[in-house]
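Listing of my_file00.cif; format and content: mmCIF, C-alpha atoms and all ligand atoms.
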```cif
data_model
loop_
_atom_site.label_atom_id
_atom_site.label_comp_id
_atom_site.auth_asym_id
_atom_site.auth_seq_id
_atom_site.Cartn_x
_atom_site.Cartn_y
_atom_site.Cartn_z
CA MET A 923 -22.97 5.76 -67.81
CA LEU A 924 -24.17 6.64 -64.32
CA PRO A 925 -24.88 4.13 -61.55
CA THR A 926 -28.50 3.22 -60.91
CA THR A 927 -28.29 0.27 -58.50
CA PRO A 928 -25.65 -1.08 -56.05
CA GLU A 929 -24.71 -3.74 -58.63
CA SER A 930 -24.29 -1.23 -61.44
CA LEU A 931 -21.53 0.67 -59.63
CA LEU A 932 -18.72 -1.91 -59.75
CA PRO A 933 -18.36 -2.03 -63.57
CA LEU A 934 -18.09 1.76 -63.62
CA VAL A 935 -15.34 1.77 -60.98
CA LEU A 936 -13.45 -1.00 -62.82
CA ARG A 937 -13.70 0.94 -66.07
CA ALA A 938 -12.41 4.11 -64.41
CA MET A 939 -9.26 2.23 -63.34
CA GLN A 940 -8.70 0.46 -66.66
CA ALA A 941 -6.13 2.91 -67.99
CA THR A 942 -3.69 2.32 -65.11
CA PRO A 943 -0.41 1.80 -67.01
CA ASP A 944 1.15 -0.44 -64.34
CA ALA A 945 -0.46 -3.82 -65.12
CA ARG A 946 0.15 -5.29 -61.68
CA LEU A 947 -1.33 -2.23 -59.94
CA ARG A 948 -4.34 -2.40 -62.30
CA ASP A 949 -4.84 -6.10 -61.55
CA LEU A 950 -4.47 -5.76 -57.76
CA LEU A 951 -6.77 -2.75 -57.49
CA SER A 952 -9.41 -4.31 -59.76
CA GLY A 953 -9.41 -7.46 -57.66
CA LEU A 954 -9.51 -5.54 -54.39
CA VAL A 955 -12.38 -3.30 -55.49
CA THR A 956 -14.32 -6.30 -56.77
CA HIS A 957 -13.96 -8.11 -53.43
CA LEU A 958 -14.83 -4.96 -51.47
CA HIS A 959 -17.96 -4.25 -53.51
CA ASP A 960 -19.07 -7.88 -53.23
CA PHE A 961 -18.44 -7.72 -49.47
CA VAL A 962 -20.43 -4.51 -48.96
CA ARG A 963 -23.36 -5.89 -50.97
CA GLU A 964 -23.33 -9.42 -49.49
CA HIS A 965 -23.16 -8.15 -45.92
CA GLN A 966 -25.45 -5.16 -46.46
CA VAL A 967 -22.89 -2.91 -44.73
CA THR A 968 -24.67 0.02 -43.05
CA GLU A 969 -23.54 3.65 -42.89
CA PRO A 970 -22.60 3.48 -39.15
CA GLU A 971 -20.61 0.28 -39.83
CA PHE A 972 -18.78 2.00 -42.67
CA GLU A 973 -17.99 4.95 -40.38
CA ARG A 974 -16.70 2.52 -37.74
CA ALA A 975 -14.42 0.84 -40.29
CA VAL A 976 -13.05 4.21 -41.39
CA ALA A 977 -12.45 5.19 -37.75
CA PHE A 978 -10.51 1.93 -37.24
CA LEU A 979 -8.27 2.65 -40.24
CA VAL A 980 -7.68 6.23 -39.11
CA GLY A 981 -6.98 4.89 -35.60
CA ILE A 982 -4.34 2.38 -36.67
CA GLY A 983 -2.57 5.10 -38.62
CA GLN A 984 -2.67 7.51 -35.68
CA ALA A 985 -1.49 4.84 -33.22
CA THR A 986 1.60 4.16 -35.36
CA GLY A 987 4.75 5.92 -34.19
CA PRO A 988 8.42 5.46 -33.39
CA THR A 989 7.88 2.51 -31.04
CA LYS A 990 4.85 0.78 -32.53
CA ASN A 991 3.43 -0.05 -35.94
CA GLU A 992 -0.29 -0.57 -35.36
CA VAL A 993 -0.97 -1.08 -39.09
CA ILE A 994 1.32 -4.12 -39.21
CA LEU A 995 -0.23 -5.32 -35.95
CA ALA A 996 -3.70 -5.15 -37.53
CA SER A 997 -2.47 -7.19 -40.54
CA ASP A 998 -0.92 -9.69 -38.12
CA LEU A 999 -4.12 -10.10 -36.08
CA LEU A 1000 -6.17 -10.69 -39.25
CA GLY A 1001 -3.77 -13.44 -40.35
CA ILE A 1002 -2.74 -11.46 -43.45
CA SER A 1003 0.96 -11.17 -42.53
CA THR A 1004 1.29 -14.91 -41.96
CA LEU A 1005 -0.67 -15.59 -45.16
CA VAL A 1006 1.71 -13.42 -47.20
CA ALA A 1007 4.75 -15.08 -45.55
CA LEU A 1008 3.50 -18.63 -46.15
CA GLN A 1009 2.34 -17.93 -49.69
CA ASN A 1010 5.63 -16.42 -50.75
CA ASN A 1011 7.76 -19.09 -49.07
CA PRO A 1012 5.94 -22.37 -49.71
CA ALA A 1013 6.46 -25.21 -47.24
CA GLY A 1014 9.21 -27.56 -48.33
CA GLU A 1015 10.98 -24.91 -50.34
CA ALA A 1016 13.13 -23.95 -47.37
CA GLY A 1017 13.49 -27.37 -45.74
CA THR A 1018 11.56 -28.50 -42.71
CA GLU A 1019 13.59 -26.82 -40.00
CA SER A 1020 13.12 -23.23 -40.98
CA HIS A 1021 10.62 -21.43 -43.07
CA ALA A 1022 9.33 -17.92 -43.19
CA ALA A 1023 7.18 -16.37 -40.50
CA LEU A 1024 5.77 -12.91 -40.12
CA LEU A 1025 8.24 -10.10 -39.41
CA GLY A 1026 6.10 -8.51 -36.69
CA PRO A 1027 6.24 -4.85 -35.68
CA PHE A 1028 9.47 -4.84 -33.66
CA TRP A 1029 12.39 -5.52 -36.02
CA ARG A 1030 14.93 -2.69 -36.11
CA ALA A 1031 17.54 -2.40 -38.83
CA GLU A 1032 21.20 -2.01 -37.91
CA ALA A 1033 21.23 -4.01 -34.71
CA PRO A 1034 24.74 -4.12 -33.20
CA GLU A 1035 27.24 -6.27 -35.10
CA CYS A 1036 28.40 -8.89 -32.62
CA GLN A 1037 31.17 -11.49 -32.38
CA LEU A 1038 30.17 -15.15 -32.23
CA GLY A 1039 29.52 -16.05 -28.61
CA ASP A 1040 28.59 -12.50 -27.54
CA ASN A 1041 25.69 -12.00 -25.17
CA ILE A 1042 22.83 -9.88 -26.54
CA ALA A 1043 21.37 -9.56 -23.02
CA ARG A 1044 23.28 -6.40 -22.23
CA ALA A 1045 23.67 -4.62 -18.89
CA GLY A 1046 22.97 -7.83 -17.01
CA THR A 1047 19.35 -8.32 -18.13
CA PRO A 1048 18.06 -10.77 -15.51
CA GLY A 1049 16.73 -14.15 -16.66
CA THR A 1050 17.66 -17.75 -17.36
CA PRO A 1051 20.85 -17.74 -19.47
CA LEU A 1052 20.33 -19.11 -22.99
CA GLU A 1053 22.84 -20.39 -25.54
CA VAL A 1054 21.59 -20.48 -29.14
CA ARG A 1055 23.58 -22.22 -31.84
CA GLY A 1056 23.20 -23.79 -35.24
CA THR A 1057 24.24 -23.85 -38.87
CA VAL A 1058 23.06 -21.80 -41.83
CA HIS A 1059 22.62 -23.95 -44.95
CA GLY A 1060 22.42 -22.78 -48.55
CA ALA A 1061 20.21 -23.93 -51.39
CA GLU A 1062 22.21 -27.15 -51.97
CA GLY A 1063 22.41 -27.92 -48.27
CA GLN A 1064 25.96 -26.59 -48.09
CA ALA A 1065 27.09 -24.70 -44.98
CA LEU A 1066 27.15 -20.97 -45.64
CA ALA A 1067 30.13 -19.08 -44.24
CA GLY A 1068 29.67 -15.36 -43.58
CA ALA A 1069 25.86 -15.53 -43.49
CA VAL A 1070 24.26 -12.86 -41.30
CA VAL A 1071 22.02 -14.03 -38.45
CA ASP A 1072 20.08 -11.03 -37.16
CA VAL A 1073 18.21 -11.85 -33.94
CA TRP A 1074 15.71 -9.90 -31.83
CA GLN A 1075 13.62 -10.97 -28.90
CA ALA A 1076 11.56 -9.81 -25.94
CA SER A 1077 13.00 -9.83 -22.42
CA PRO A 1078 12.11 -12.40 -19.74
CA VAL A 1079 9.26 -10.08 -18.72
CA GLY A 1080 7.97 -10.00 -22.29
CA LEU A 1081 9.01 -6.53 -23.44
CA TYR A 1082 11.12 -5.46 -26.42
CA GLU A 1083 13.77 -2.87 -25.51
CA ASN A 1084 11.95 -0.09 -27.33
CA GLN A 1085 8.86 -0.73 -25.18
CA ASP A 1086 10.80 -0.73 -21.91
CA PRO A 1087 12.78 2.30 -20.65
CA SER A 1088 14.67 0.06 -18.18
CA GLN A 1089 16.48 -1.74 -21.02
CA PRO A 1090 19.45 -0.24 -22.88
CA ASP A 1091 19.01 0.75 -26.52
CA MET A 1092 19.23 -2.30 -28.82
CA ASN A 1093 19.15 -4.72 -25.88
CA LEU A 1094 18.36 -8.31 -26.95
CA ARG A 1095 19.18 -7.51 -30.57
CA GLY A 1096 22.30 -8.40 -32.52
CA GLN A 1097 23.75 -9.48 -35.85
CA PHE A 1098 26.16 -12.43 -36.04
CA ARG A 1099 28.20 -13.77 -38.96
CA THR A 1100 28.56 -17.51 -39.40
CA ASP A 1101 32.07 -18.99 -39.24
CA ALA A 1102 33.84 -20.97 -41.98
CA ALA A 1103 31.67 -24.01 -41.16
CA GLY A 1104 28.45 -21.96 -41.46
CA ARG A 1105 27.93 -22.06 -37.69
CA TYR A 1106 26.65 -19.33 -35.38
CA HIS A 1107 26.27 -19.18 -31.63
CA PHE A 1108 25.38 -16.52 -29.14
CA ARG A 1109 24.26 -15.98 -25.57
CA SER A 1110 21.05 -14.39 -24.36
CA VAL A 1111 18.33 -14.95 -21.78
CA ARG A 1112 15.20 -17.01 -22.29
CA PRO A 1113 12.46 -14.82 -23.77
CA ALA A 1114 8.99 -14.81 -22.23
CA GLY A 1115 5.68 -14.81 -24.04
CA TYR A 1116 3.99 -11.43 -24.10
CA PRO A 1117 0.74 -9.79 -25.05
CA VAL A 1118 0.73 -7.95 -28.38
CA PRO A 1119 0.15 -4.23 -27.72
CA THR A 1120 -3.49 -3.80 -26.66
CA ASP A 1121 -3.56 -0.06 -25.90
CA GLY A 1122 -4.74 0.94 -29.38
CA PRO A 1123 -7.50 0.08 -31.85
CA CYS A 1124 -6.11 -3.46 -32.26
CA GLY A 1125 -6.57 -4.09 -28.54
CA GLU A 1126 -10.16 -2.93 -28.85
CA LEU A 1127 -10.64 -5.35 -31.73
CA LEU A 1128 -9.22 -8.28 -29.73
CA ARG A 1129 -11.50 -7.49 -26.79
CA ALA A 1130 -14.54 -7.21 -29.06
CA GLN A 1131 -13.70 -10.66 -30.45
CA ARG A 1132 -12.94 -12.17 -27.01
CA ARG A 1133 -9.45 -13.17 -28.22
CA GLN A 1134 -6.50 -13.65 -25.89
CA PRO A 1135 -3.54 -11.36 -26.75
CA CYS A 1136 -0.50 -13.44 -25.64
CA ARG A 1137 2.09 -14.72 -28.06
CA PRO A 1138 4.09 -17.80 -27.05
CA ALA A 1139 7.75 -17.15 -26.12
CA HIS A 1140 9.92 -16.87 -29.23
CA LEU A 1141 13.03 -15.47 -30.85
CA HIS A 1142 12.96 -13.69 -34.19
CA PHE A 1143 15.60 -14.28 -36.85
CA MET A 1144 16.43 -12.67 -40.17
CA VAL A 1145 19.06 -14.76 -41.97
CA SER A 1146 20.75 -13.56 -45.13
CA SER A 1147 23.55 -14.50 -47.48
CA PRO A 1148 24.41 -13.30 -51.00
CA GLY A 1149 22.51 -15.21 -53.72
CA HIS A 1150 19.80 -16.34 -51.28
CA LYS A 1151 16.38 -15.04 -50.30
CA VAL A 1152 16.30 -13.32 -46.93
CA LEU A 1153 14.73 -15.71 -44.42
CA VAL A 1154 12.54 -13.95 -41.84
CA THR A 1155 11.47 -16.47 -39.24
CA GLN A 1156 10.75 -17.15 -35.58
CA VAL A 1157 11.56 -20.01 -33.22
CA PHE A 1158 9.04 -20.77 -30.47
CA ALA A 1159 9.76 -22.32 -27.08
CA ASP A 1160 8.25 -25.79 -26.94
CA ASP A 1161 7.13 -25.39 -23.33
CA SER A 1162 5.34 -22.14 -24.05
CA GLU A 1163 1.74 -21.39 -23.30
CA HIS A 1164 -0.38 -20.24 -26.24
CA LEU A 1165 1.41 -22.29 -28.94
CA GLN A 1166 -2.09 -23.23 -30.09
CA SER A 1167 -3.59 -19.76 -29.72
CA ASP A 1168 -1.00 -17.31 -31.06
CA PRO A 1169 -3.07 -14.19 -31.82
CA VAL A 1170 -1.03 -13.58 -35.00
CA PHE A 1171 -1.06 -17.21 -36.24
CA GLY A 1172 2.74 -17.40 -36.48
CA VAL A 1173 3.29 -20.88 -35.00
CA THR A 1174 3.83 -23.91 -37.25
CA ALA A 1175 5.20 -27.29 -36.14
CA ALA A 1176 8.50 -26.63 -37.95
CA LEU A 1177 9.05 -23.41 -36.00
CA VAL A 1178 8.78 -24.94 -32.53
CA GLY A 1179 12.34 -25.16 -31.19
CA HIS A 1180 13.54 -27.60 -28.57
CA PHE A 1181 14.92 -25.79 -25.57
CA ARG A 1182 17.03 -28.17 -23.46
CA LEU A 1183 17.99 -27.51 -19.90
CA ALA A 1184 21.67 -27.86 -19.00
CA GLU A 1185 23.82 -26.59 -16.18
CA GLU A 1186 26.76 -24.22 -16.15
CA ASP A 1187 28.74 -23.49 -12.99
CA GLY A 1188 25.85 -24.98 -10.98
CA ARG A 1189 23.30 -22.63 -12.60
CA PRO A 1190 20.62 -23.54 -15.13
CA LEU A 1191 21.44 -22.88 -18.77
CA ALA A 1192 18.87 -23.23 -21.56
CA LEU A 1193 20.18 -24.55 -24.87
CA LEU A 1194 18.58 -24.08 -28.27
CA ASP A 1195 20.00 -25.74 -31.38
CA HIS A 1196 18.46 -24.38 -34.54
CA ASP A 1197 19.59 -24.59 -38.16
CA PHE A 1198 18.42 -22.36 -40.97
CA HIS A 1199 17.93 -23.33 -44.60
CA LEU A 1200 18.03 -20.60 -47.22
CA VAL A 1201 16.74 -20.82 -50.78
CA ARG A 1202 18.29 -19.30 -53.85
CA GLY A 1203 17.09 -15.83 -54.82
CA GLU A 1204 17.67 -12.13 -54.62
CA PRO A 1205 18.29 -10.94 -51.06
CA VAL A 1206 15.55 -8.33 -50.51
CA PHE A 1207 15.32 -6.86 -47.02
CA PRO A 1208 12.02 -5.62 -45.58
CA HIS A 1209 11.56 -2.01 -44.54
CA PRO A 1210 11.88 -1.69 -40.76
CA PRO A 1211 8.41 -1.26 -39.20
CA ILE A 1212 9.98 1.02 -36.56
CA PRO A 1213 13.17 3.08 -36.78
C1 LIG B 1301 6.27 -10.03 -32.50
O1 LIG B 1301 6.50 -11.21 -32.46
O2 LIG B 1301 7.18 -9.28 -32.23
C2 LIG B 1301 4.89 -9.58 -32.83
C3 LIG B 1301 4.28 -10.08 -33.95
C4 LIG B 1301 3.01 -9.66 -34.26
C5 LIG B 1301 2.36 -8.76 -33.45
C6 LIG B 1301 2.98 -8.26 -32.32
C7 LIG B 1301 4.26 -8.69 -32.01
FE FE B 1302 8.08 -11.08 -31.12
#
```
Transcribe the structure of this file into structure tokens.
Amino acid sequence: MLPTTPESLLPLVLRAMQATPDARLRDLLSGLVTHLHDFVREHQVTEPEFERAVAFLVGIGQATGPTKNEVILASDLLGISTLVALQNNPAGEAGTESHAALLGPFWRAEAPECQLGDNIARAGTPGTPLEVRGTVHGAEGQALAGAVVDVWQASPVGLYENQDPSQPDMNLRGQFRTDAAGRYHFRSVRPAGYPVPTDGPCGELLRAQRRQPCRPAHLHFMVSSPGHKVLVTQVFADDSEHLQSDPVFGVTAALVGHFRLAEEDGRPLALLDHDFHLVRGEPVFPHPPIP
């Protein structure tokens, strides 16, 4: 059979893929091709529009490098990363205080292993001092000793260390192990909100759509313990701008943390109490988006 009309093409493509031995791959690709064909026909996609789409995909690949993953950023801006996170970690499953959020493009594996109480703001990073503390709970609500709390955040000027030559390597990143009571605590500085990178094709997309690029201030966490699913989440500052307009749709009510203001030696100290709730499962770690 040869195609004769736009509609006659899809069944031929589906048939060509039918012998794929991996059933899940066959199912995913059949579904994707069906949606793509329907999309092209419904929207009467033109040849210049198709070329533009191809140039965007080539562009996000080319803009990806050691300090930036533009492909993940594109998924984030289209809401796909948050959709995958929410769908695979349904609300309620992980309690109300912590649930999954998108990983984002800036997690690095093998952040320094720290002692409880250590400061991840190294080399005197200026900013309002912050104390973060809480408990990691297991599937039955029990406190989990020895759980790993991996944290990463932007600086008070809104830059991750790998975007900012003035910060030491691995600044504002660290891995902590909970104590016998399942508790963790560490020092840092209050993160600022920041614009997602706008110097590549994703920035062009945001400008074309008249979307603002700033994320509200947040900390990222990856919490893990044997026998439990790895929790990738974020905690947002409640006084942050853009909670309602996060360009990557990461904010939910449960992920807004309450930063309190205290004083230490006559200087302001921000306090964040945040517990994590893990669910039973195989601990599977994501691949780092950047090395
Ligand atoms: C982040 O929070 O690190 C992030 C997430 C999505 C896009 C850009 C940055
Ligand atoms: Fe971030």
Identify, on the basis of all atoms listed in the file, every residue whose closest approach to Leu936 (chain A) does not exceed 9 Å; exclude the query and any residue fewer than 6 positions from it along the same chain; express the result as a count of residues only. 4
Distance filter 7 Å around ligand LIG 1301 (chain B), atoms: only C-alpha atoms and all ligand atoms, out as a PyMOL selection string: chain A and resi 995+998+1024-1028+1118-1119+1170
Taking into account only C-alpha atoms, which residue in the set A:Ala938, A:Val1071, A:Val1054, A:Val1154 is nearest to Arg1182 (chain A)? A:Val1054
Can you list every residue of region 1032-1108 of chain A that has an atom at most 12 Å from region 980-991 of chain A, with its nearest atom pair and the distance in Å to one decimal, using only C-alpha atoms, ordered by chain then number, as JSON lines?
```
{"residue": "A:Leu1081", "atom": "CA", "partner": "A:Thr989", "partner_atom": "CA", "distance": 11.9}
{"residue": "A:Tyr1082", "atom": "CA", "partner": "A:Thr989", "partner_atom": "CA", "distance": 9.8}
{"residue": "A:Glu1083", "atom": "CA", "partner": "A:Thr989", "partner_atom": "CA", "distance": 9.7}
{"residue": "A:Asn1084", "atom": "CA", "partner": "A:Thr989", "partner_atom": "CA", "distance": 6.1}
{"residue": "A:Gln1085", "atom": "CA", "partner": "A:Thr989", "partner_atom": "CA", "distance": 6.8}
{"residue": "A:Asp1086", "atom": "CA", "partner": "A:Thr989", "partner_atom": "CA", "distance": 10.1}
{"residue": "A:Pro1087", "atom": "CA", "partner": "A:Thr989", "partner_atom": "CA", "distance": 11.5}
```
Kindly assemble as CSV a list of the chain A residues that lie within 7 Å of ligand FE 1302 (chain B), each paired with its nearest atom pair and their distance in Å to one decimal, using all atoms listed in the file, sorted first by chain and then by ascending residue number.
```
residue,atom,partner,partner_atom,distance
A:Gly1026,CA,B:FE1302,FE,6.4
A:Phe1028,CA,B:FE1302,FE,6.9
A:Gln1075,CA,B:FE1302,FE,6.0
A:Ala1076,CA,B:FE1302,FE,6.4
A:His1140,CA,B:FE1302,FE,6.4
A:Leu1141,CA,B:FE1302,FE,6.6
A:His1142,CA,B:FE1302,FE,6.3
```
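Taking CA of Gln1089 (chain A) as the reference point, CA of Gly1046 (chain A) is found at 9.8 Å.
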Contact residues around Gln1156 (chain A) with only C-alpha atoms at 12 Å, ignoring same-chain residues under 2 positions, as an MDAnalysis selection string: chainID A and resid 1004 1007 1019:1026 1029 1072:1075 1137:1145 1153:1154 1158:1159 1171:1179 1196:1198
Place a sphere of radius 12 Å on (23.0, -25.9, -45.5) in the file coordinates and name every protein, DNA or RNA residue with an atom inside or on its surface, counting all atoms listed in the file; give the answer as a PyMOL selection string. chain A and resi 1016-1017+1019-1020+1056-1067+1069+1100+1103-1105+1147+1150+1196-1202
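Using only C-alpha atoms, the nearest neighbour of Pro1213 (chain A) within the list A:Leu1165, A:Arg1030, A:Leu958, A:Glu1035 is A:Arg1030.
Shortest atom-to-atom contact with Leu1191 (chain A) among A:His1164, A:Arg948, A:Arg1112, A:His1209: A:Arg1112, counting all atoms listed in the file.
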How big is the axis-aligned box around all listed atoms of region 1020-1036 of chain A once 5 Å goes on each side, and where's its centre, in Å to one decimal, as lines of an AutoDock Vina configuration file?
```
center_x = 17.1
center_y = -12.6
center_z = -37.9
size_x = 32.6
size_y = 31.2
size_z = 20.6
```
Just the number, please: distance in Å from CA of Gly1039 (chain A) to CA of Glu1053 (chain A), one decimal. 8.5 Å
Nearest residue to Pro1048 (chain A) out of A:Ala1102, A:Val1157, A:Leu1094, A:Val1070, using all atoms listed in the file? A:Leu1094
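Comparing A:Gly953, A:Pro1211, A:Gly1203, A:Pro928 by their smallest distance to Gln966 (chain A), the closest is A:Pro928 (using all atoms listed in the file).
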Can you list, as a PyMOL selection string, every protein, DNA or RNA residue that comes within 12 Å of Arg1189 (chain A) when you count all atoms listed in the file, leaving out same-chain residues fewer than 2 positions away? chain A and resi 1049-1052+1183-1187+1191-1192
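One finds CA of Leu954 (chain A) at 16.4 Å from CA of Ala941 (chain A).
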Do a neighbour search on Asp1040 (chain A) at 7 Å with all atoms listed in the file, toss out local chain neighbours closer than 4 positions, and write the hits as a list of chain:residue names. A:Cys1036, A:Phe1108, A:Arg1109
Go ahead and save the residues from that selection, with C-alpha atoms, as a PDB file, in the frame of the given file.
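See part.pdb below for the written result:
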```pdb
ATOM      1  CA  CYS A1036      28.400  -8.890 -32.620  1.00  0.00           C
ATOM      2  CA  PHE A1108      25.380 -16.520 -29.140  1.00  0.00           C
ATOM      3  CA  ARG A1109      24.260 -15.980 -25.570  1.00  0.00           C
TER       4      ARG A1109
END
```
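The list of residues with at least one atom within 9 Å of Pro1117 (chain A), based on all atoms listed in the file and without residues fewer than 2 positions apart in the same chain, reads A:Gly1080, A:Gly1115, A:Pro1119, A:Thr1120, A:Gln1134, A:Pro1135, A:Cys1136, A:Arg1137, A:Pro1138, A:Pro1169.
Among A:Asp944, A:Asp949, A:Glu1032, A:Glu1204, the residue with the shortest atom-to-atom distance to Phe1098 (chain A), counting all atoms listed in the file, is A:Glu1032.
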